[in-house]
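Shown next: target-v8.txt, given as compact mmCIF, C-alpha atoms.
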```txt
# COMPACT_ATOMS: atom_id res chain seq x y z
CA MET A 1 48.97 75.66 69.92
CA ARG A 2 51.68 76.09 72.53
CA ALA A 3 50.89 74.84 76.01
CA ASN A 4 51.98 78.19 77.46
CA ASP A 5 50.12 80.33 74.93
CA PRO A 6 48.81 83.34 76.90
CA ARG A 7 45.42 82.85 75.33
CA ASP A 8 45.14 79.57 77.20
CA VAL A 9 45.86 80.92 80.69
CA PRO A 10 42.79 80.32 82.84
CA GLY A 11 41.01 83.54 83.55
CA ARG A 12 42.91 85.44 80.83
CA THR A 13 41.93 86.33 77.34
CA GLY A 14 43.37 87.89 74.24
CA SER A 15 46.45 89.91 74.92
CA ALA A 16 47.09 88.87 78.47
CA ALA A 17 50.79 88.63 79.13
CA SER A 18 52.06 85.12 79.48
CA GLY A 19 54.33 86.25 82.31
CA ALA A 20 51.39 87.40 84.44
CA LEU A 21 51.64 84.24 86.50
CA PRO A 22 55.23 84.15 87.82
CA GLY A 23 56.75 80.70 87.56
CA VAL A 24 57.98 80.26 91.14
CA TRP A 25 54.92 81.90 92.69
CA LEU A 26 52.62 79.78 90.53
CA LEU A 27 54.46 76.57 91.48
CA LEU A 28 54.15 77.53 95.15
CA GLY A 29 50.42 78.06 94.63
CA VAL A 30 50.06 74.69 92.88
CA VAL A 31 51.95 72.91 95.67
CA LEU A 32 49.86 74.57 98.41
CA VAL A 33 46.60 73.69 96.69
CA ALA A 34 47.82 70.11 96.23
CA ALA A 35 48.75 69.94 99.91
CA ASN A 36 45.09 70.63 100.73
CA LEU A 37 43.62 67.94 98.48
CA ARG A 38 44.00 64.95 100.82
CA ALA A 39 45.32 66.05 104.20
CA ALA A 40 41.91 67.17 105.45
CA LEU A 41 40.48 63.73 104.60
CA THR A 42 43.23 61.21 105.35
CA GLY A 43 43.49 62.48 108.91
CA VAL A 44 39.90 61.43 109.64
CA GLY A 45 40.46 57.65 109.55
CA PRO A 46 42.77 57.42 112.58
CA LEU A 47 40.34 59.64 114.52
CA LEU A 48 37.21 57.58 113.74
CA PRO A 49 37.30 55.52 116.98
CA GLY A 50 37.42 58.70 119.05
CA ILE A 51 34.75 60.36 116.92
CA ALA A 52 32.46 57.33 117.27
CA THR A 53 32.97 57.19 121.04
CA SER A 54 32.26 60.86 121.64
CA THR A 55 29.33 61.18 119.23
CA GLY A 56 27.75 57.75 119.62
CA LEU A 57 27.82 57.11 115.87
CA SER A 58 27.35 53.51 114.77
CA GLY A 59 29.73 51.68 112.47
CA THR A 60 27.43 52.35 109.55
CA TRP A 61 27.43 56.09 110.16
CA THR A 62 31.18 56.26 110.65
CA GLY A 63 31.55 54.32 107.40
CA LEU A 64 29.31 56.85 105.68
CA LEU A 65 31.53 59.61 107.04
CA SER A 66 34.46 58.00 105.19
CA THR A 67 32.51 57.46 101.95
CA LEU A 68 30.76 60.85 101.90
CA PRO A 69 33.77 62.77 100.50
CA LEU A 70 34.03 60.42 97.51
CA LEU A 71 30.32 60.76 96.75
CA THR A 72 30.64 64.54 97.06
CA PHE A 73 33.61 64.52 94.67
CA ALA A 74 31.54 62.61 92.12
CA ALA A 75 28.57 64.97 92.44
CA THR A 76 30.59 68.20 92.42
CA SER A 77 33.22 67.56 89.75
CA PRO A 78 30.90 68.06 86.72
CA LEU A 79 30.04 71.55 87.99
CA VAL A 80 33.63 72.79 88.17
CA GLY A 81 34.30 73.33 84.47
CA ARG A 82 31.15 75.39 83.97
CA THR A 83 31.93 77.55 87.01
CA ALA A 84 35.50 78.16 85.83
CA GLN A 85 34.33 78.99 82.32
CA ARG A 86 31.97 81.59 83.69
CA HIS A 87 34.18 83.18 86.34
CA GLY A 88 37.74 82.21 85.39
CA ALA A 89 39.92 79.55 87.01
CA PRO A 90 41.91 81.89 89.33
CA ARG A 91 38.78 83.42 90.84
CA THR A 92 37.12 80.00 91.16
CA LEU A 93 40.19 78.57 92.88
CA VAL A 94 40.42 81.50 95.30
CA VAL A 95 36.77 81.11 96.30
CA SER A 96 37.10 77.33 96.67
CA LEU A 97 40.06 77.76 99.04
CA ALA A 98 38.07 80.20 101.18
CA VAL A 99 35.17 77.72 101.24
CA LEU A 100 37.59 74.94 102.20
CA ALA A 101 38.89 76.90 105.20
CA ALA A 102 35.32 77.65 106.29
CA GLY A 103 34.28 74.01 105.84
CA LEU A 104 37.17 72.78 107.98
CA LEU A 105 36.04 75.05 110.80
CA ILE A 106 32.38 74.06 110.39
CA ARG A 107 33.35 70.37 110.55
CA SER A 108 34.97 70.87 113.95
CA LEU A 109 31.98 72.55 115.60
CA PRO A 110 30.06 70.64 118.28
CA GLY A 111 27.23 68.48 116.96
CA VAL A 112 26.93 65.60 114.52
CA PHE A 113 25.14 67.83 112.00
CA PHE A 114 28.17 70.09 111.67
CA LEU A 115 30.47 67.08 111.39
CA PHE A 116 28.61 65.77 108.34
CA ALA A 117 27.72 69.16 106.84
CA GLY A 118 31.30 70.36 107.19
CA THR A 119 32.56 67.16 105.55
CA VAL A 120 30.35 67.85 102.52
CA VAL A 121 31.58 71.46 102.29
CA VAL A 122 35.23 70.40 102.64
CA ALA A 123 34.88 67.67 100.00
CA GLY A 124 33.06 70.00 97.58
CA ALA A 125 35.83 72.59 97.87
CA ILE A 126 38.52 69.93 97.40
CA ALA A 127 36.70 68.69 94.28
CA TYR A 128 37.21 72.13 92.72
CA GLY A 129 40.94 71.96 93.40
CA ASN A 130 41.10 68.42 92.02
CA VAL A 131 39.56 69.49 88.72
CA LEU A 132 41.16 72.92 88.32
CA LEU A 133 44.79 71.94 88.91
CA PRO A 134 45.17 69.93 85.64
CA SER A 135 43.68 72.90 83.76
CA VAL A 136 46.00 75.41 85.44
CA ILE A 137 49.01 73.21 84.69
CA LYS A 138 47.88 72.67 81.09
CA SER A 139 47.57 76.41 80.48
CA THR A 140 50.79 77.57 82.16
CA VAL A 141 53.33 74.75 81.75
CA PRO A 142 55.11 73.65 78.54
CA GLU A 143 53.84 70.34 77.20
CA ASP A 144 57.05 68.45 77.96
CA ARG A 145 56.95 69.61 81.61
CA ILE A 146 53.35 68.68 82.41
CA GLY A 147 54.36 65.28 83.79
CA GLN A 148 57.02 66.83 86.04
CA VAL A 149 54.73 69.50 87.48
CA THR A 150 51.99 66.90 87.94
CA GLY A 151 54.51 64.77 89.80
CA LEU A 152 55.40 67.77 91.97
CA TYR A 153 51.83 68.37 93.05
CA VAL A 154 51.14 64.67 93.52
CA THR A 155 54.23 64.59 95.77
CA ALA A 156 52.92 67.47 97.86
CA MET A 157 49.48 65.86 98.01
CA GLY A 158 50.87 62.47 99.03
CA LEU A 159 53.34 63.83 101.57
CA LEU A 160 50.74 65.89 103.43
CA ALA A 161 48.29 62.96 103.24
CA ALA A 162 50.81 60.67 104.93
CA VAL A 163 51.72 63.31 107.52
CA SER A 164 48.05 63.91 108.26
CA SER A 165 47.49 60.19 108.87
CA GLY A 166 50.40 60.09 111.28
CA VAL A 167 49.87 63.27 113.31
CA SER A 168 46.07 63.37 113.69
CA VAL A 169 45.92 61.21 116.82
CA PRO A 170 48.88 62.96 118.54
CA LEU A 171 47.28 66.31 117.74
CA ALA A 172 43.98 65.15 119.19
CA ASP A 173 45.79 63.95 122.32
CA HIS A 174 47.62 67.24 122.92
CA LEU A 175 45.34 69.99 121.59
CA PRO A 176 42.48 71.35 123.66
CA GLY A 177 39.27 70.20 122.02
CA GLY A 178 40.61 66.76 121.11
CA TRP A 179 39.69 65.40 117.69
CA ARG A 180 37.71 68.52 116.79
CA SER A 181 40.85 70.66 117.07
CA ALA A 182 42.83 68.05 115.15
CA LEU A 183 40.32 68.36 112.29
CA ALA A 184 40.22 72.16 112.44
CA CYS A 185 43.99 72.70 112.35
CA TRP A 186 44.15 71.96 108.60
CA ALA A 187 42.35 75.27 108.00
CA VAL A 188 45.77 76.90 108.47
CA LEU A 189 47.03 75.16 105.31
CA ALA A 190 43.94 76.28 103.38
CA VAL A 191 44.46 79.89 104.50
CA LEU A 192 48.10 79.79 103.31
CA ALA A 193 47.01 78.53 99.88
CA PHE A 194 44.31 81.20 99.78
CA GLY A 195 46.91 83.89 100.49
CA VAL A 196 49.09 82.83 97.54
CA TRP A 197 46.19 82.52 95.10
CA ILE A 198 44.57 85.82 96.07
CA SER A 199 47.92 87.41 95.24
CA LEU A 200 48.01 85.65 91.86
CA TYR A 201 44.41 86.69 91.25
CA ARG A 202 45.20 90.34 91.93
CA ARG A 203 48.12 90.22 89.49
CA THR A 204 46.11 88.66 86.68
CA GLY A 205 42.82 90.44 87.29
CA PRO A 206 39.39 88.86 87.42
CA GLY A 207 39.77 87.31 84.00
CA ALA A 208 37.08 85.98 81.76
CA ALA A 209 35.87 82.58 80.83
CA MET A 210 38.47 79.93 80.24
CA SER A 211 37.81 80.25 76.52
CA ALA A 212 35.45 82.15 74.31
CA ALA A 213 33.53 78.99 73.48
CA ARG A 214 32.24 76.65 76.08
CA VAL A 215 33.55 73.09 75.88
CA ARG A 216 31.15 70.34 76.81
CA ILE A 217 32.14 67.52 79.09
CA PRO A 218 33.19 64.85 76.56
CA TRP A 219 30.73 62.13 77.55
CA ARG A 220 30.68 60.70 74.01
CA SER A 221 34.44 60.43 73.60
CA PRO A 222 35.88 56.88 73.90
CA LEU A 223 39.26 58.34 74.88
CA ALA A 224 37.64 60.39 77.65
CA TRP A 225 35.95 57.27 79.00
CA GLN A 226 39.24 55.37 78.89
CA VAL A 227 40.92 58.14 80.91
CA SER A 228 37.96 58.27 83.31
CA VAL A 229 37.77 54.53 83.96
CA PHE A 230 41.53 54.36 84.50
CA MET A 231 41.20 57.22 86.98
CA GLY A 232 38.32 55.43 88.69
CA LEU A 233 39.96 52.04 89.03
CA GLN A 234 43.24 53.41 90.37
CA SER A 235 41.27 55.55 92.86
CA LEU A 236 39.25 52.49 93.89
CA GLY A 237 42.47 50.60 94.62
CA PHE A 238 43.92 53.47 96.64
CA TYR A 239 40.88 54.27 98.77
CA THR A 240 40.09 50.60 99.35
CA THR A 241 43.66 50.04 100.55
CA ILE A 242 43.45 53.08 102.83
CA ALA A 243 40.16 51.82 104.27
CA TRP A 244 40.94 48.12 104.77
CA LEU A 245 44.69 47.44 104.81
CA PRO A 246 45.02 47.90 108.60
CA SER A 247 42.03 45.59 109.16
CA ILE A 248 43.43 42.96 106.79
CA ALA A 249 46.80 43.05 108.56
CA HIS A 250 45.18 42.99 112.00
CA ASP A 251 42.99 40.00 111.08
CA HIS A 252 46.18 38.11 110.20
CA GLY A 253 47.77 38.68 113.58
CA VAL A 254 49.49 42.04 113.12
CA GLY A 255 49.13 44.50 116.00
CA GLU A 256 47.22 47.73 115.52
CA ALA A 257 50.32 49.93 115.69
CA ALA A 258 52.22 47.74 113.21
CA ALA A 259 49.20 47.69 110.90
CA GLY A 260 49.17 51.48 110.97
CA TRP A 261 52.84 51.56 110.04
CA GLN A 262 52.13 49.27 107.09
CA LEU A 263 49.58 51.80 105.84
CA PHE A 264 52.18 54.53 106.30
CA LEU A 265 54.69 52.44 104.32
CA PHE A 266 52.18 52.03 101.50
CA GLN A 267 51.73 55.81 101.27
CA ILE A 268 55.43 56.64 101.52
CA VAL A 269 56.40 54.15 98.78
CA GLY A 270 53.60 55.60 96.64
CA LEU A 271 54.99 59.07 97.27
CA LEU A 272 58.50 58.02 96.20
CA SER A 273 57.08 56.38 93.10
CA SER A 274 55.15 59.51 92.18
CA ILE A 275 58.37 61.53 92.51
CA ALA A 276 60.43 59.15 90.39
CA LEU A 277 58.01 58.52 87.54
CA PRO A 278 58.09 62.01 85.93
CA VAL A 279 61.90 62.02 86.04
CA LEU A 280 62.17 58.59 84.44
CA ALA A 281 59.49 59.21 81.81
CA ARG A 282 59.79 62.94 81.08
CA ARG A 283 60.27 62.38 77.33
CA TRP A 284 57.59 59.71 76.91
CA THR A 285 54.47 61.12 75.30
CA ASP A 286 53.07 57.60 74.83
CA GLN A 287 52.48 56.11 78.27
CA ARG A 288 50.69 52.87 77.38
CA LEU A 289 53.44 50.59 78.63
CA LEU A 290 53.92 52.62 81.80
CA ALA A 291 50.22 52.55 82.69
CA ALA A 292 49.86 48.82 82.02
CA ALA A 293 53.08 47.90 83.87
CA ALA A 294 52.30 50.06 86.92
CA SER A 295 48.80 48.55 87.14
CA ALA A 296 50.22 45.03 86.87
CA ILE A 297 52.56 45.76 89.81
CA VAL A 298 49.56 46.83 91.91
CA ALA A 299 47.71 43.64 90.91
CA ALA A 300 50.74 41.59 91.97
CA GLY A 301 50.72 43.31 95.36
CA PHE A 302 47.04 42.50 95.94
CA ALA A 303 47.57 38.90 94.79
CA LEU A 304 50.49 38.46 97.19
CA LEU A 305 48.41 39.82 100.07
CA ALA A 306 45.63 37.32 99.21
CA VAL A 307 47.82 34.20 99.05
CA ALA A 308 50.61 35.11 101.51
CA PRO A 309 49.35 37.68 104.04
CA GLN A 310 52.48 37.13 106.14
CA LEU A 311 54.30 39.03 103.37
CA ALA A 312 52.09 42.09 103.83
CA VAL A 313 55.10 44.41 103.98
CA VAL A 314 56.21 43.29 100.51
CA SER A 315 52.64 43.73 99.31
CA CYS A 316 52.61 47.29 100.66
CA VAL A 317 55.78 48.06 98.71
CA LEU A 318 54.35 46.66 95.48
CA THR A 319 50.95 48.36 95.75
CA GLY A 320 52.58 51.64 96.75
CA LEU A 321 55.13 51.45 93.96
CA GLY A 322 52.55 50.81 91.25
CA GLY A 323 49.83 52.93 92.83
CA GLY A 324 51.94 56.08 93.04
CA ALA A 325 52.85 55.77 89.37
CA CYS A 326 49.21 55.15 88.39
CA LEU A 327 48.05 58.25 90.25
CA VAL A 328 50.55 60.48 88.44
CA LEU A 329 49.56 58.93 85.11
CA ALA A 330 45.83 59.32 85.79
CA LEU A 331 46.26 63.01 86.56
CA THR A 332 48.71 63.56 83.71
CA PHE A 333 46.26 62.03 81.21
CA GLN A 334 43.71 64.71 82.15
CA GLY A 335 46.08 67.38 80.85
CA GLN A 336 47.93 65.60 78.07
CA ARG A 337 44.88 64.08 76.39
CA ALA A 338 43.29 67.55 76.09
CA SER A 339 44.20 70.12 73.45
CA ASP A 340 43.74 73.26 75.58
CA ALA A 341 42.97 74.42 79.11
CA SER A 342 39.19 74.48 78.71
CA GLN A 343 39.17 70.96 77.36
CA ALA A 344 41.48 69.86 80.19
CA ALA A 345 38.97 71.20 82.73
CA ALA A 346 36.12 69.41 80.94
CA LEU A 347 38.05 66.14 80.81
CA ALA A 348 39.11 66.47 84.46
CA SER A 349 35.48 67.10 85.44
CA MET A 350 34.41 63.90 83.72
CA ALA A 351 37.37 61.79 84.85
CA GLN A 352 37.03 62.78 88.48
CA SER A 353 33.24 62.54 88.56
CA VAL A 354 33.33 59.02 87.12
CA GLY A 355 36.50 58.17 89.01
CA TYR A 356 35.34 59.04 92.49
CA LEU A 357 31.95 57.43 91.92
CA VAL A 358 33.78 54.21 91.06
CA ALA A 359 36.14 54.69 94.00
CA ALA A 360 33.25 55.08 96.44
CA VAL A 361 32.09 51.56 95.57
CA GLY A 362 35.40 49.91 96.50
CA PRO A 363 35.54 50.12 100.33
CA LEU A 364 31.85 49.23 100.65
CA LEU A 365 32.12 46.32 98.20
CA LEU A 366 35.15 44.80 99.89
CA GLY A 367 33.60 45.16 103.32
CA THR A 368 30.42 43.44 102.14
CA LEU A 369 32.36 40.57 100.55
CA HIS A 370 34.37 40.16 103.73
CA ASP A 371 31.18 39.92 105.79
CA LEU A 372 29.71 37.37 103.38
CA THR A 373 32.80 35.15 103.09
CA GLY A 374 34.35 35.65 106.52
CA GLY A 375 37.79 36.30 105.04
CA TRP A 376 39.82 38.56 102.79
CA THR A 377 40.88 36.16 100.02
CA LEU A 378 37.90 36.67 97.69
CA PRO A 379 37.78 40.46 98.20
CA LEU A 380 41.49 40.73 97.41
CA LEU A 381 41.19 38.50 94.33
CA LEU A 382 38.40 40.80 93.14
CA LEU A 383 40.84 43.71 93.53
CA VAL A 384 43.36 41.78 91.42
CA GLY A 385 40.81 41.39 88.64
CA LEU A 386 39.81 45.06 88.76
CA THR A 387 43.44 46.15 88.68
CA LEU A 388 44.14 43.98 85.63
CA ALA A 389 41.16 45.68 83.97
CA GLN A 390 42.80 48.98 84.98
CA ALA A 391 45.93 47.87 83.12
CA ALA A 392 43.88 47.31 79.98
CA PHE A 393 42.29 50.75 80.21
CA GLY A 394 45.67 52.34 80.91
CA ALA A 395 47.07 50.72 77.77
CA VAL A 396 44.55 52.65 75.66
CA ALA A 397 44.27 55.83 77.74
CA GLY A 398 48.06 56.25 77.57
CA ARG A 399 48.17 56.68 73.80
CA ASP A 400 49.59 59.96 72.51
CA LEU A 401 46.21 61.29 71.35
CA ARG A 402 44.06 64.35 71.95
CA LEU A 403 40.33 64.63 72.44
CA ASN A 404 38.37 65.69 69.41
CA THR A 405 35.47 67.59 70.92
CA THR A 406 33.55 70.39 69.34
CA PRO A 407 33.10 73.65 71.27
CA GLN A 408 29.53 74.39 72.21
CA VAL A 409 28.86 77.78 70.61
CA PRO A 410 26.07 79.68 72.37
CA GLU A 411 22.90 79.86 70.32
CA PRO A 412 22.08 83.34 68.94
CA ALA A 413 19.26 85.16 70.64
CA PRO A 414 15.96 85.26 68.68
CA ILE A 415 15.45 88.32 66.50
CA GLY A 416 13.57 90.98 68.31
CA ASP A 417 14.80 90.05 71.82
```

Let me see the file written as structure tokens.
Amino acid sequence: MRANDPRDVPGRTGSAASGALPGVWLLLGVVLVAANLRAALTGVGPLLPGIATSTGLSGTWTGLLSTLPLLTFAATSPLVGRTAQRHGAPRTLVVSLAVLAAGLLIRSLPGVFFLFAGTVVVAGAIAYGNVLLPSVIKSTVPEDRIGQVTGLYVTAMGLLAAVSSGVSVPLADHLPGGWRSALACWAVLAVLAFGVWISLYRRTGPGAAMSAARVRIPWRSPLAWQVSVFMGLQSLGFYTTIAWLPSIAHDHGVGEAAAGWQLFLFQIVGLLSSIALPVLARRWTDQRLLAAAASAIVAAGFALLAVAPQLAVVSCVLTGLGGGACLVLALTFQGQRASDASQAAALASMAQSVGYLVAAVGPLLLGTLHDLTGGWTLPLLLLVGLTLAQAAFGAVAGRDLRLNTTPQVPEPAPIGD
């Protein structure tokens, strides 16, 4: 089956024209959705001191505020495939973008309740975008271009994430309303994405289910678990680095501003890596070596930071270089290991549910180990071990295989009903 078979287009069935989703307009929509997948979250970290001061939240509660999105991702991701199968991916994506814009505004309202409730709404809406994008790409992009388009949206996601980290504090300093306005301003980006996707939705119509038969989340598939664990371990490395790298650098004598720039360097190198990987590997359908090598580079970066923290800048380059490649591979696997768009959504639901649940453990685990040992050496060596395990999972998840799941055919109604 061709990757751009019109029967596979999310929200379309039967004789839908394959040209219903214009290439340039679709790519713009993909990029805008991707731009919303991290920016609303990565901008929170630099604002946490101000949030804690103005709300009186303890360190535990501010830590929960950082972990809550990952837990919400894990809880919400399994629901996405079923929703898209029932209502069509375009409609589901349009609604999720509207919910995202509303959640961003709710999060900025006065009161701690709205801060936490809005964070849950924002993270739930982002989870839908996380899961649906691999399916949209699978159904509209030729197989040999999936890696490139995935790299494009990872680039947009990473670029806006880095920008958000850098501009949040200046925005809070200059906008009326302080950090609340800095959090709310990302609703503009969500509204822009909504505008593009509502246009696409009107062109394609409401659509039907993603396929005539419902595909179960492949919990029993070894390949699906390999993809999911790889996704989880690379996410754990990323979010743990985002959470603790400035603290690690600061504890070794680096100033707060310089530590922040090291985090920025990590994200920018990861962004460049995510741009380069699809170009370098566009013809590789077997990505075992790439996944293992990229993971090993991340492990080397963590090991260097553990034994020679004065070389933290070099460590940032290594972890960013390998981490950006691993992110593209983890997302690419969710499309390439599936045989059609419905299966891609099911696999993405599983991979991101498992992945973000694993990722949520990382920052908390490292922080606990640091408190118990009084240093960062053991926590970082644990990261080295987990990243080497990631390399092993990447070496099997990167095989040129497809899931072999059986569609769940609805049971016939009893006679007489």

* Record the distance separating CA of Val328 in chain A and CA of Ser295 in chain A, expressed in Å with one decimal. =>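 Pair CA of Val328 in chain A / CA of Ser295 in chain A returns 12.1 Å.
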
* **Shortest interatomic distance to Leu183 in chain A - which of A:Gly151, A:Gly270, A:Pro78, A:Gly103, counting all atoms listed in the file** =>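 So, comparing all the options, the nearest one is A:Gly103.
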
Within 9 Å of Val154 in chain A, counting only C-alpha atoms, which residues qualify if same-chain residues fewer than 5 places away don't, as a PDB file with C-alpha atoms, in the coordinates of the input?
```pdb
ATOM      1  CA  VAL A  31      51.950  72.910  95.670  1.00  0.00           C
ATOM      2  CA  ALA A  34      47.820  70.110  96.230  1.00  0.00           C
ATOM      3  CA  ALA A  35      48.750  69.940  99.910  1.00  0.00           C
ATOM      4  CA  VAL A 149      54.730  69.500  87.480  1.00  0.00           C
ATOM      5  CA  LEU A 159      53.340  63.830 101.570  1.00  0.00           C
ATOM      6  CA  LEU A 271      54.990  59.070  97.270  1.00  0.00           C
ATOM      7  CA  SER A 274      55.150  59.510  92.180  1.00  0.00           C
ATOM      8  CA  ILE A 275      58.370  61.530  92.510  1.00  0.00           C
ATOM      9  CA  GLY A 324      51.940  56.080  93.040  1.00  0.00           C
ATOM     10  CA  LEU A 327      48.050  58.250  90.250  1.00  0.00           C
ATOM     11  CA  VAL A 328      50.550  60.480  88.440  1.00  0.00           C
ATOM     12  CA  LEU A 331      46.260  63.010  86.560  1.00  0.00           C
TER      13      LEU A 331
END
```

* Asked: Given the choices A:Leu79, A:Leu200, A:Val121, A:Ala187, which gets closest to Ala345 in chain A if the distance is worked out from all atoms listed in the file?
  ->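 Comparing A:Leu79, A:Leu200, A:Val121, A:Ala187 against Ala345 in chain A, the winner is A:Leu79.
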
* To do: May I ask which of the residues A:Phe302, A:Phe264, A:Ser235, A:Arg216 is the closest one to Ala344 in chain A, counting all atoms listed in the file?
  => A:Arg216

* Counting all atoms listed in the file, figure out which residue out of A:Thr42, A:Ser58, A:Thr92, A:Gln234 gets nearest to Leu132 in chain A. =>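 Among A:Thr42, A:Ser58, A:Thr92, A:Gln234, it is A:Thr92 that comes nearest to Leu132 in chain A.
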
* Using all atoms listed in the file: which of A:Ala162, A:Val358, A:Val269, A:Ile146 has the shortest distance to Leu233 in chain A ->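 Using all atoms listed in the file, Leu233 in chain A sits closest to A:Val358.
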
* To do: Would you kindly return, as a ChimeraX atom specification, each protein, DNA or RNA residue with an atom no farther than 12 Å from any atom of His370 in chain A, considering all atoms listed in the file and excluding same-chain residues fewer than 4 positions away?
  => /A:244,247-248,251,363-366,374-382

* Residue among A:Ala276, A:Val141, A:Ala392, A:Met350 lying closest to Ala74 in chain A, counting all atoms listed in the file ->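 Checking each of A:Ala276, A:Val141, A:Ala392, A:Met350 against Ala74 in chain A, counting all atoms listed in the file, the winner is A:Met350.
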